[in-house]
file run_20.tsv (TSV, C-alpha atoms)
chain	number	residue	atom	x	y	z
F	1	MET	CA	87.80	73.32	79.15
F	2	GLU	CA	85.84	76.30	80.43
F	3	MET	CA	87.73	78.70	82.64
F	4	PRO	CA	86.38	79.05	86.22
F	5	LEU	CA	84.08	81.88	87.21
F	6	VAL	CA	85.68	84.24	89.75
F	7	SER	CA	83.56	86.27	92.18
F	8	ILE	CA	85.11	89.57	93.24
F	9	ILE	CA	83.45	90.89	96.40
F	10	ILE	CA	83.95	94.55	97.33
F	11	PRO	CA	82.67	95.60	100.78
F	12	VAL	CA	82.42	99.37	101.14
F	13	TYR	CA	81.40	102.02	103.62
F	14	ASN	CA	81.95	105.74	102.99
F	15	ALA	CA	84.87	105.52	100.58
F	16	PRO	CA	84.15	108.20	97.93
F	17	SER	CA	87.83	108.87	97.22
F	18	THR	CA	88.83	105.24	96.55
F	19	ILE	CA	85.83	103.11	95.60
F	20	GLU	CA	85.90	104.07	91.91
F	21	ALA	CA	89.48	102.86	91.45
F	22	SER	CA	88.65	99.65	93.28
F	23	ILE	CA	85.61	98.91	91.10
F	24	LEU	CA	87.41	99.85	87.88
F	25	SER	CA	90.33	97.55	88.69
F	26	ALA	CA	87.82	94.69	88.70
F	27	ILE	CA	85.83	95.84	85.67
F	28	ASN	CA	88.95	96.29	83.53
F	29	GLN	CA	90.24	92.74	84.01
F	30	THR	CA	91.08	91.00	80.73
F	31	TYR	CA	89.78	87.77	82.27
F	32	LEU	CA	86.09	87.84	81.39
F	33	ARG	CA	84.84	84.92	83.49
F	34	ARG	CA	84.26	87.07	86.55
F	35	GLU	CA	81.43	88.68	88.43
F	36	ILE	CA	81.62	91.78	90.62
F	37	ILE	CA	79.63	92.02	93.83
F	38	VAL	CA	79.50	95.29	95.79
F	39	VAL	CA	78.10	95.23	99.32
F	40	ASP	CA	77.66	98.70	100.80
F	41	GLY	CA	77.04	99.27	104.50
F	42	GLY	CA	74.85	102.34	104.09
F	43	SER	CA	77.33	104.88	102.77
F	44	ASP	CA	77.03	108.61	102.15
F	45	ALA	CA	75.42	109.82	98.94
F	46	GLY	CA	78.78	110.50	97.32
F	47	THR	CA	79.91	106.88	97.61
F	48	ILE	CA	76.56	105.53	96.37
F	49	GLU	CA	76.58	107.89	93.39
F	50	ILE	CA	79.97	106.55	92.30
F	51	ILE	CA	78.91	102.92	92.67
F	52	LYS	CA	75.73	103.48	90.66
F	53	LYS	CA	77.81	104.81	87.74
F	54	TYR	CA	78.94	101.22	87.23
F	55	GLU	CA	75.84	99.35	88.35
F	56	ASP	CA	75.30	97.84	84.90
F	57	LYS	CA	78.74	96.20	85.22
F	58	LEU	CA	77.96	94.65	88.60
F	59	SER	CA	76.43	91.23	89.12
F	60	PHE	CA	74.99	92.28	92.47
F	61	PHE	CA	74.80	95.51	94.47
F	62	ILE	CA	73.14	96.20	97.79
F	63	SER	CA	73.28	99.14	100.17
F	64	GLU	CA	72.03	98.58	103.71
F	65	ARG	CA	73.32	98.82	107.26
F	66	ASP	CA	75.55	95.94	108.31
F	67	ASP	CA	77.70	94.83	111.21
F	68	GLY	CA	81.04	95.65	109.64
F	69	VAL	CA	83.27	94.49	106.83
F	70	TYR	CA	83.01	90.77	107.61
F	71	ASP	CA	79.23	90.90	107.71
F	72	ALA	CA	79.39	92.55	104.28
F	73	LEU	CA	81.73	89.83	103.01
F	74	ASN	CA	79.39	87.13	104.31
F	75	LYS	CA	76.54	88.74	102.38
F	76	GLY	CA	78.68	88.80	99.26
F	77	ILE	CA	79.71	85.17	99.67
F	78	SER	CA	76.06	84.17	99.92
F	79	LYS	CA	75.40	85.86	96.56
F	80	ALA	CA	78.56	84.65	94.83
F	81	GLU	CA	78.21	82.10	92.04
F	82	GLY	CA	81.90	81.76	91.21
F	83	GLU	CA	84.09	78.73	91.74
F	84	TRP	CA	86.65	81.10	93.23
F	85	ILE	CA	86.07	84.01	95.62
F	86	TYR	CA	88.24	87.09	96.00
F	87	CYS	CA	87.77	89.91	98.53
F	88	LEU	CA	88.86	93.38	97.42
F	89	GLY	CA	88.88	96.30	99.85
F	90	ALA	CA	87.15	99.54	98.88
F	91	ASP	CA	90.45	101.39	99.30
F	92	ASP	CA	92.47	98.72	97.47
F	93	ARG	CA	92.78	97.83	93.81
F	94	LEU	CA	93.98	94.94	91.68
F	95	SER	CA	97.55	95.57	90.59
F	96	SER	CA	96.99	95.24	86.83
F	97	GLU	CA	94.34	94.39	84.26
F	98	THR	CA	95.79	90.90	83.79
F	99	VAL	CA	95.90	89.68	87.40
F	100	LEU	CA	93.01	87.22	87.06
F	101	GLU	CA	94.31	86.02	83.72
F	102	GLN	CA	97.74	85.33	85.24
F	103	ILE	CA	96.19	83.42	88.14
F	104	PHE	CA	93.84	81.23	86.13
F	105	GLU	CA	95.73	80.74	82.86
F	106	THR	CA	97.31	77.63	84.42
F	107	PRO	CA	94.72	74.95	85.27
F	108	LEU	CA	94.34	74.31	88.98
F	109	LYS	CA	94.18	70.78	90.35
F	110	SER	CA	93.26	70.10	93.96
F	111	GLU	CA	94.26	73.50	95.33
F	112	LYS	CA	91.72	75.24	97.53
F	113	VAL	CA	93.72	78.44	98.02
F	114	VAL	CA	95.75	80.42	95.50
F	115	PHE	CA	97.70	83.48	96.57
F	116	GLY	CA	100.40	85.94	95.59
F	117	ASN	CA	101.70	89.11	97.25
F	118	VAL	CA	100.47	92.65	97.87
F	119	MET	CA	102.08	96.06	97.75
F	120	TYR	CA	101.20	98.66	100.39
F	121	THR	CA	100.62	102.27	99.44
F	122	ASP	CA	101.18	105.27	101.73
F	123	VAL	CA	103.44	103.37	104.11
F	124	SER	CA	104.44	105.55	107.06
F	125	HIS	CA	105.11	103.12	109.93
F	126	PRO	CA	108.77	101.98	110.13
F	127	LEU	CA	107.76	98.37	110.89
F	128	VAL	CA	105.36	98.04	107.93
F	129	ARG	CA	107.11	96.77	104.81
F	130	LYS	CA	106.10	98.10	101.40
F	131	LYS	CA	105.58	94.57	100.09
F	132	HIS	CA	103.81	91.73	101.87
F	133	PHE	CA	104.95	88.27	100.83
F	134	SER	CA	102.06	85.97	101.69
F	135	SER	CA	102.58	82.43	102.92
F	136	LEU	CA	100.57	79.60	104.45
F	137	ASN	CA	103.10	77.75	106.57
F	138	SER	CA	104.02	77.41	110.25
F	139	THR	CA	104.84	81.12	110.58
F	140	ILE	CA	101.12	81.84	110.45
F	141	VAL	CA	100.77	80.75	114.08
F	142	TRP	CA	102.76	83.87	115.01
F	143	ARG	CA	101.22	86.42	112.66
F	144	ASN	CA	98.73	86.59	109.80
F	145	THR	CA	101.13	85.87	106.96
F	146	LEU	CA	98.30	85.38	104.45
F	147	HIS	CA	97.09	88.82	103.38
F	148	GLN	CA	93.41	88.65	102.47
F	149	GLN	CA	93.82	90.81	99.35
F	150	SER	CA	96.42	88.34	98.07
F	151	VAL	CA	94.13	85.31	98.27
F	152	PHE	CA	91.67	83.53	96.00
F	153	TYR	CA	89.53	81.09	97.98
F	154	HIS	CA	87.79	78.07	96.47
F	155	ARG	CA	84.06	78.37	97.13
F	156	SER	CA	83.99	74.96	98.85
F	157	LEU	CA	85.82	76.53	101.81
F	158	PHE	CA	82.65	78.51	102.56
F	159	TYR	CA	80.18	75.63	102.44
F	160	ASN	CA	80.34	75.36	106.23
F	161	PHE	CA	82.11	78.58	107.14
F	162	ARG	CA	81.32	82.28	107.35
F	163	PHE	CA	83.48	85.02	108.82
F	164	ASN	CA	82.89	85.48	112.54
F	165	THR	CA	81.50	89.01	112.84
F	166	GLN	CA	82.49	89.15	116.51
F	167	TYR	CA	86.00	89.74	115.20
F	168	LEU	CA	86.00	93.31	113.93
F	169	VAL	CA	89.47	93.31	112.35
F	170	LEU	CA	90.99	89.83	112.13
F	171	ALA	CA	88.20	87.47	111.09
F	172	ASP	CA	90.25	86.60	108.01
F	173	TYR	CA	93.08	85.48	110.33
F	174	ASP	CA	90.59	83.15	112.01
F	175	LEU	CA	89.89	81.62	108.59
F	176	HIS	CA	93.57	81.38	107.69
F	177	LEU	CA	94.50	79.59	110.92
F	178	MET	CA	91.68	77.14	110.27
F	179	LEU	CA	93.02	76.51	106.76
F	180	TYR	CA	96.52	75.94	108.15
F	181	ASN	CA	95.24	73.52	110.78
F	182	GLN	CA	93.35	71.59	108.11
F	183	ILE	CA	96.48	71.38	105.93
F	184	THR	CA	94.59	72.98	103.05
F	185	SER	CA	96.18	72.50	99.63
F	186	TYR	CA	97.41	75.73	98.06
F	187	ARG	CA	99.41	77.28	95.23
F	188	LYS	CA	101.68	80.32	95.61
F	189	VAL	CA	102.23	82.53	92.56
F	190	GLU	CA	104.99	85.12	92.55
F	191	ILE	CA	102.99	88.08	91.34
F	192	THR	CA	101.59	91.17	93.04
F	193	ILE	CA	97.84	90.71	93.32
F	194	ALA	CA	96.78	94.08	94.71
F	195	PHE	CA	97.83	97.51	95.88
F	196	CYS	CA	96.54	97.98	99.43
F	197	ASN	CA	96.19	101.04	101.60
F	198	ALA	CA	98.60	100.73	104.54
F	199	GLY	CA	96.35	103.01	106.57
F	200	GLY	CA	93.66	100.30	106.80
F	201	ILE	CA	92.12	99.34	110.10
F	202	SER	CA	94.39	96.31	110.58
F	203	LYS	CA	97.42	98.63	110.47
F	204	ASN	CA	96.17	100.80	113.34
F	205	PHE	CA	98.09	99.21	116.16
F	206	ARG	CA	95.51	99.51	118.92
F	207	LYS	CA	95.32	97.32	122.00
F	208	GLU	CA	91.95	95.93	120.86
F	209	LEU	CA	93.59	94.49	117.74
F	210	TYR	CA	95.98	92.39	119.80
F	211	LEU	CA	93.28	91.27	122.22
F	212	GLU	CA	91.33	90.04	119.20
F	213	GLU	CA	94.41	88.21	117.92
F	214	LEU	CA	94.80	86.42	121.26
F	215	LYS	CA	91.12	85.46	121.29
F	216	ILE	CA	91.46	83.86	117.85
F	217	LYS	CA	94.67	82.07	118.81
F	218	LYS	CA	93.12	80.68	121.97
F	219	LYS	CA	90.42	79.15	119.77
F	220	ARG	CA	92.62	77.88	116.94
F	221	LEU	CA	95.94	76.92	118.58
F	222	GLY	CA	96.88	74.25	121.09
F	223	LYS	CA	97.56	75.17	124.70
F	224	VAL	CA	101.35	75.29	124.36
F	225	LEU	CA	101.40	77.43	121.22
F	226	TYR	CA	98.78	79.73	122.67
F	227	ALA	CA	100.78	80.18	125.88
F	228	LEU	CA	103.89	81.06	123.88
F	229	ASN	CA	101.87	83.51	121.81
F	230	ILE	CA	100.70	85.55	124.79
F	231	SER	CA	104.13	87.09	125.35
F	232	TRP	CA	104.78	87.29	121.62
F	233	VAL	CA	101.57	89.21	120.87
F	234	TRP	CA	102.24	91.82	123.57
F	235	LEU	CA	105.85	92.15	122.41
F	236	LYS	CA	104.51	92.96	118.91
F	237	PHE	CA	102.07	95.44	120.36
F	238	PHE	CA	104.66	97.44	122.29
F	239	ALA	CA	107.25	97.26	119.48
F	240	LYS	CA	104.82	98.68	116.90
F	241	LYS	CA	103.24	101.16	119.27
F	242	PHE	CA	106.51	102.80	120.27
F	243	ALA	CA	108.26	102.43	116.89
F	244	GLY	CA	105.56	104.57	115.28
call {"tool": "encode", "arguments": {"input": "run_20.tsv", "output": "structure tokens"}}
result
Amino acid sequence: MEMPLVSIIIPVYNAPSTIEASILSAINQTYLRREIIVVDGGSDAGTIEIIKKYEDKLSFFISERDDGVYDALNKGISKAEGEWIYCLGADDRLSSETVLEQIFETPLKSEKVVFGNVMYTDVSHPLVRKKHFSSLNSTIVWRNTLHQQSVFYHRSLFYNFRFNTQYLVLADYDLHLMLYNQITSYRKVEITIAFCNAGGISKNFRKELYLEELKIKKKRLGKVLYALNISWVWLKFFAKKFAG
């Protein structure tokens, strides 16, 4: 039985200090049934120069202005040929050379989502844990428990879906709430998938982030759960704002 092809999509914009490690973590995977797609949003020359060092190892590379990280991911999804899709941040990296092998060495059945955990690097906020244990259960209605860099998505999930680029930070949460509502079949593996930069945009606890969260929840949750979430979201906002 042939192993599934995995598409690794790396969106990037001006990341000269981290993009090389991100790309290499994908190139060096022992699992060979994978393709690497880099979608650049029109970066500085330094970032482009690094990417082009590895262009012969990439299945697809484009550099043009876009409307943010989720627009870049949508472009990558449109080019992906893999049965499974994985999104890797330009300042993140796969945790080891055998991550893909560990995920796909056991045949998958009807699962549409496979996920593990992530480790944060450079943690400075007291309310941000060093390890994120992903889950896809009822707790996701309160917070995004499914970290995007911990998840492998089956390509069928994107047949009729693309990330909503109106959401600048939490479009992945919009997807994850949809998957929860649809009772999507999944498998959890107890391994660390990636090392992620804790200084990423979703860890900057700005008011706009929480307004975006409420907008998504109003769309994806019922009236009662949404009403309960209004107080909860603002409680999170003030707790994280003043704890930092």
call {"tool": "closest_residue", "arguments": {"input": "run_20.tsv", "among": "F:Tyr186, F:Tyr13, F:Tyr153, F:Trp234", "to": "Ala72 in chain F", "atoms": "all atoms listed in the file"}}
result
F:Tyr13
call {"tool": "residues_around", "arguments": {"input": "run_20.tsv", "residues": "Trp142 in chain F", "least_positions_apart": "2", "cutoff": "10 Å", "atoms": "only C-alpha atoms", "output": "number ranges by chain"}}
result
F: 138-140, 144-145, 213, 217, 225-226, 228-229, 232-233
call {"tool": "atom_distance", "arguments": {"input": "run_20.tsv", "atom1": "CA of Glu83 in chain F", "atom2": "CA of Phe161 in chain F"}}
result
15.5 Å
call {"tool": "residues_around", "arguments": {"input": "run_20.tsv", "residues": "Glu101 in chain F", "least_positions_apart": "5", "cutoff": "10 Å", "atoms": "all atoms listed in the file", "output": "tab-separated table (two decimals) with C-alpha atoms, in the coordinates of the input"}}
result
chain	number	residue	atom	x	y	z
F	3	MET	CA	87.73	78.70	82.64
F	29	GLN	CA	90.24	92.74	84.01
F	30	THR	CA	91.08	91.00	80.73
F	31	TYR	CA	89.78	87.77	82.27
F	32	LEU	CA	86.09	87.84	81.39
F	33	ARG	CA	84.84	84.92	83.49
F	106	THR	CA	97.31	77.63	84.42
call {"tool": "closest_residue", "arguments": {"input": "run_20.tsv", "among": "F:Ala227, F:Glu49, F:Tyr54, F:Ala80", "to": "Tyr159 in chain F", "atoms": "all atoms listed in the file"}}
result
F:Ala80
call {"tool": "atom_distance", "arguments": {"input": "run_20.tsv", "atom1": "CA of Pro16 in chain F", "atom2": "CA of Lys207 in chain F"}}
result
28.7 Å
call {"tool": "residues_around", "arguments": {"input": "run_20.tsv", "residues": "Ser185 in chain F", "least_positions_apart": "4", "cutoff": "9 Å", "atoms": "all atoms listed in the file", "output": "list in words"}}
result
Ser110, Glu111, Lys112, Val113, Val114 and Leu179 of chain F
call {"tool": "atom_distance", "arguments": {"input": "run_20.tsv", "atom1": "CA of Asn74 in chain F", "atom2": "CA of Met178 in chain F"}}
result
16.9 Å
call {"tool": "residues_near_point", "arguments": {"input": "run_20.tsv", "point": "(83.7, 92.5, 107.7)", "cutoff": "9 Å", "atoms": "all atoms listed in the file", "output": "list in words"}}
result
Pro11, Asp66, Asp67, Gly68, Val69, Tyr70, Asp71, Ala72, Leu73, Asn74, Phe163, Asn164, Thr165, Tyr167, Leu168, Val169, Leu170, Ala171 and Asp172 of chain F
call {"tool": "build_atoms", "arguments": {"input": "run_20.tsv", "residues": "range 150-161 of chain F", "atoms": "all heavy atoms", "output": "PDB file, in the coordinates of the input"}}
result
ATOM      1  N   SER F 150      95.531  89.133  98.930  1.00  0.00           N
ATOM      2  CA  SER F 150      96.420  88.340  98.070  1.00  0.00           C
ATOM      3  C   SER F 150      95.837  86.985  97.741  1.00  0.00           C
ATOM      4  O   SER F 150      96.441  86.214  96.995  1.00  0.00           O
ATOM      5  CB  SER F 150      97.788  88.143  98.761  1.00  0.00           C
ATOM      6  OG  SER F 150      97.688  87.197  99.815  1.00  0.00           O
ATOM      7  N   VAL F 151      94.652  86.677  98.284  1.00  0.00           N
ATOM      8  CA  VAL F 151      94.130  85.310  98.270  1.00  0.00           C
ATOM      9  C   VAL F 151      92.886  85.124  97.415  1.00  0.00           C
ATOM     10  O   VAL F 151      91.956  85.937  97.459  1.00  0.00           O
ATOM     11  CB  VAL F 151      93.774  84.853  99.709  1.00  0.00           C
ATOM     12  CG1 VAL F 151      93.424  83.368  99.716  1.00  0.00           C
ATOM     13  CG2 VAL F 151      94.895  85.135 100.678  1.00  0.00           C
ATOM     14  N   PHE F 152      92.875  84.022  96.670  1.00  0.00           N
ATOM     15  CA  PHE F 152      91.670  83.530  96.000  1.00  0.00           C
ATOM     16  C   PHE F 152      91.268  82.247  96.711  1.00  0.00           C
ATOM     17  O   PHE F 152      92.053  81.308  96.814  1.00  0.00           O
ATOM     18  CB  PHE F 152      91.944  83.258  94.513  1.00  0.00           C
ATOM     19  CG  PHE F 152      92.265  84.499  93.731  1.00  0.00           C
ATOM     20  CD1 PHE F 152      93.551  85.014  93.725  1.00  0.00           C
ATOM     21  CD2 PHE F 152      91.277  85.160  93.015  1.00  0.00           C
ATOM     22  CE1 PHE F 152      93.852  86.174  93.018  1.00  0.00           C
ATOM     23  CE2 PHE F 152      91.575  86.316  92.299  1.00  0.00           C
ATOM     24  CZ  PHE F 152      92.863  86.826  92.304  1.00  0.00           C
ATOM     25  N   TYR F 153      90.029  82.232  97.221  1.00  0.00           N
ATOM     26  CA  TYR F 153      89.530  81.090  97.980  1.00  0.00           C
ATOM     27  C   TYR F 153      88.588  80.245  97.111  1.00  0.00           C
ATOM     28  O   TYR F 153      87.709  80.799  96.441  1.00  0.00           O
ATOM     29  CB  TYR F 153      88.710  81.553  99.187  1.00  0.00           C
ATOM     30  CG  TYR F 153      89.399  82.511 100.136  1.00  0.00           C
ATOM     31  CD1 TYR F 153      89.168  83.888 100.038  1.00  0.00           C
ATOM     32  CD2 TYR F 153      90.229  82.055 101.155  1.00  0.00           C
ATOM     33  CE1 TYR F 153      89.754  84.785 100.925  1.00  0.00           C
ATOM     34  CE2 TYR F 153      90.823  82.940 102.044  1.00  0.00           C
ATOM     35  CZ  TYR F 153      90.581  84.303 101.926  1.00  0.00           C
ATOM     36  OH  TYR F 153      91.161  85.192 102.801  1.00  0.00           O
ATOM     37  N   HIS F 154      88.742  78.936  97.148  1.00  0.00           N
ATOM     38  CA  HIS F 154      87.790  78.070  96.470  1.00  0.00           C
ATOM     39  C   HIS F 154      86.458  78.130  97.218  1.00  0.00           C
ATOM     40  O   HIS F 154      86.428  78.142  98.451  1.00  0.00           O
ATOM     41  CB  HIS F 154      88.300  76.636  96.403  1.00  0.00           C
ATOM     42  CG  HIS F 154      87.531  75.778  95.460  1.00  0.00           C
ATOM     43  ND1 HIS F 154      86.423  75.058  95.847  1.00  0.00           N
ATOM     44  CD2 HIS F 154      87.681  75.551  94.126  1.00  0.00           C
ATOM     45  CE1 HIS F 154      85.927  74.409  94.804  1.00  0.00           C
ATOM     46  NE2 HIS F 154      86.674  74.691  93.749  1.00  0.00           N
ATOM     47  N   ARG F 155      85.366  78.171  96.496  1.00  0.00           N
ATOM     48  CA  ARG F 155      84.060  78.370  97.130  1.00  0.00           C
ATOM     49  C   ARG F 155      83.718  77.263  98.124  1.00  0.00           C
ATOM     50  O   ARG F 155      82.950  77.474  99.061  1.00  0.00           O
ATOM     51  CB  ARG F 155      82.960  78.524  96.091  1.00  0.00           C
ATOM     52  CG  ARG F 155      82.586  77.283  95.308  1.00  0.00           C
ATOM     53  CD  ARG F 155      81.350  77.521  94.436  1.00  0.00           C
ATOM     54  NE  ARG F 155      80.175  77.791  95.245  1.00  0.00           N
ATOM     55  CZ  ARG F 155      79.599  78.982  95.350  1.00  0.00           C
ATOM     56  NH1 ARG F 155      80.086  80.025  94.703  1.00  0.00           N
ATOM     57  NH2 ARG F 155      78.529  79.155  96.113  1.00  0.00           N
ATOM     58  N   SER F 156      84.292  76.064  97.944  1.00  0.00           N
ATOM     59  CA  SER F 156      83.990  74.960  98.850  1.00  0.00           C
ATOM     60  C   SER F 156      84.423  75.258 100.283  1.00  0.00           C
ATOM     61  O   SER F 156      83.877  74.669 101.228  1.00  0.00           O
ATOM     62  CB  SER F 156      84.661  73.671  98.372  1.00  0.00           C
ATOM     63  OG  SER F 156      86.076  73.825  98.335  1.00  0.00           O
ATOM     64  N   LEU F 157      85.365  76.171 100.463  1.00  0.00           N
ATOM     65  CA  LEU F 157      85.820  76.530 101.810  1.00  0.00           C
ATOM     66  C   LEU F 157      84.714  77.218 102.603  1.00  0.00           C
ATOM     67  O   LEU F 157      84.762  77.266 103.840  1.00  0.00           O
ATOM     68  CB  LEU F 157      87.049  77.444 101.730  1.00  0.00           C
ATOM     69  CG  LEU F 157      88.289  76.842 101.055  1.00  0.00           C
ATOM     70  CD1 LEU F 157      89.380  77.890 100.949  1.00  0.00           C
ATOM     71  CD2 LEU F 157      88.782  75.626 101.830  1.00  0.00           C
ATOM     72  N   PHE F 158      83.728  77.759 101.900  1.00  0.00           N
ATOM     73  CA  PHE F 158      82.650  78.510 102.560  1.00  0.00           C
ATOM     74  C   PHE F 158      81.342  77.713 102.662  1.00  0.00           C
ATOM     75  O   PHE F 158      80.327  78.256 103.055  1.00  0.00           O
ATOM     76  CB  PHE F 158      82.414  79.825 101.827  1.00  0.00           C
ATOM     77  CG  PHE F 158      83.605  80.745 101.873  1.00  0.00           C
ATOM     78  CD1 PHE F 158      84.447  80.868 100.783  1.00  0.00           C
ATOM     79  CD2 PHE F 158      83.888  81.471 103.021  1.00  0.00           C
ATOM     80  CE1 PHE F 158      85.551  81.710 100.831  1.00  0.00           C
ATOM     81  CE2 PHE F 158      84.998  82.309 103.083  1.00  0.00           C
ATOM     82  CZ  PHE F 158      85.830  82.425 101.980  1.00  0.00           C
ATOM     83  N   TYR F 159      81.398  76.435 102.317  1.00  0.00           N
ATOM     84  CA  TYR F 159      80.180  75.630 102.440  1.00  0.00           C
ATOM     85  C   TYR F 159      79.712  75.572 103.897  1.00  0.00           C
ATOM     86  O   TYR F 159      78.509  75.624 104.167  1.00  0.00           O
ATOM     87  CB  TYR F 159      80.428  74.206 101.920  1.00  0.00           C
ATOM     88  CG  TYR F 159      80.551  74.096 100.415  1.00  0.00           C
ATOM     89  CD1 TYR F 159      81.085  72.948  99.829  1.00  0.00           C
ATOM     90  CD2 TYR F 159      80.130  75.122  99.576  1.00  0.00           C
ATOM     91  CE1 TYR F 159      81.206  72.836  98.449  1.00  0.00           C
ATOM     92  CE2 TYR F 159      80.252  75.016  98.198  1.00  0.00           C
ATOM     93  CZ  TYR F 159      80.789  73.873  97.638  1.00  0.00           C
ATOM     94  OH  TYR F 159      80.918  73.763  96.277  1.00  0.00           O
ATOM     95  N   ASN F 160      80.679  75.464 104.808  1.00  0.00           N
ATOM     96  CA  ASN F 160      80.340  75.360 106.230  1.00  0.00           C
ATOM     97  C   ASN F 160      81.050  76.425 107.059  1.00  0.00           C
ATOM     98  O   ASN F 160      81.281  76.231 108.261  1.00  0.00           O
ATOM     99  CB  ASN F 160      80.702  73.968 106.756  1.00  0.00           C
ATOM    100  CG  ASN F 160      79.931  72.861 106.060  1.00  0.00           C
ATOM    101  OD1 ASN F 160      78.710  72.862 106.066  1.00  0.00           O
ATOM    102  ND2 ASN F 160      80.656  71.946 105.433  1.00  0.00           N
ATOM    103  N   PHE F 161      81.382  77.525 106.429  1.00  0.00           N
ATOM    104  CA  PHE F 161      82.110  78.580 107.140  1.00  0.00           C
ATOM    105  C   PHE F 161      81.626  79.949 106.679  1.00  0.00           C
ATOM    106  O   PHE F 161      81.389  80.168 105.487  1.00  0.00           O
ATOM    107  CB  PHE F 161      83.620  78.476 106.866  1.00  0.00           C
ATOM    108  CG  PHE F 161      84.431  79.560 107.523  1.00  0.00           C
ATOM    109  CD1 PHE F 161      84.925  79.403 108.804  1.00  0.00           C
ATOM    110  CD2 PHE F 161      84.695  80.763 106.860  1.00  0.00           C
ATOM    111  CE1 PHE F 161      85.665  80.407 109.417  1.00  0.00           C
ATOM    112  CE2 PHE F 161      85.423  81.772 107.465  1.00  0.00           C
ATOM    113  CZ  PHE F 161      85.906  81.594 108.742  1.00  0.00           C
TER     114      PHE F 161
END
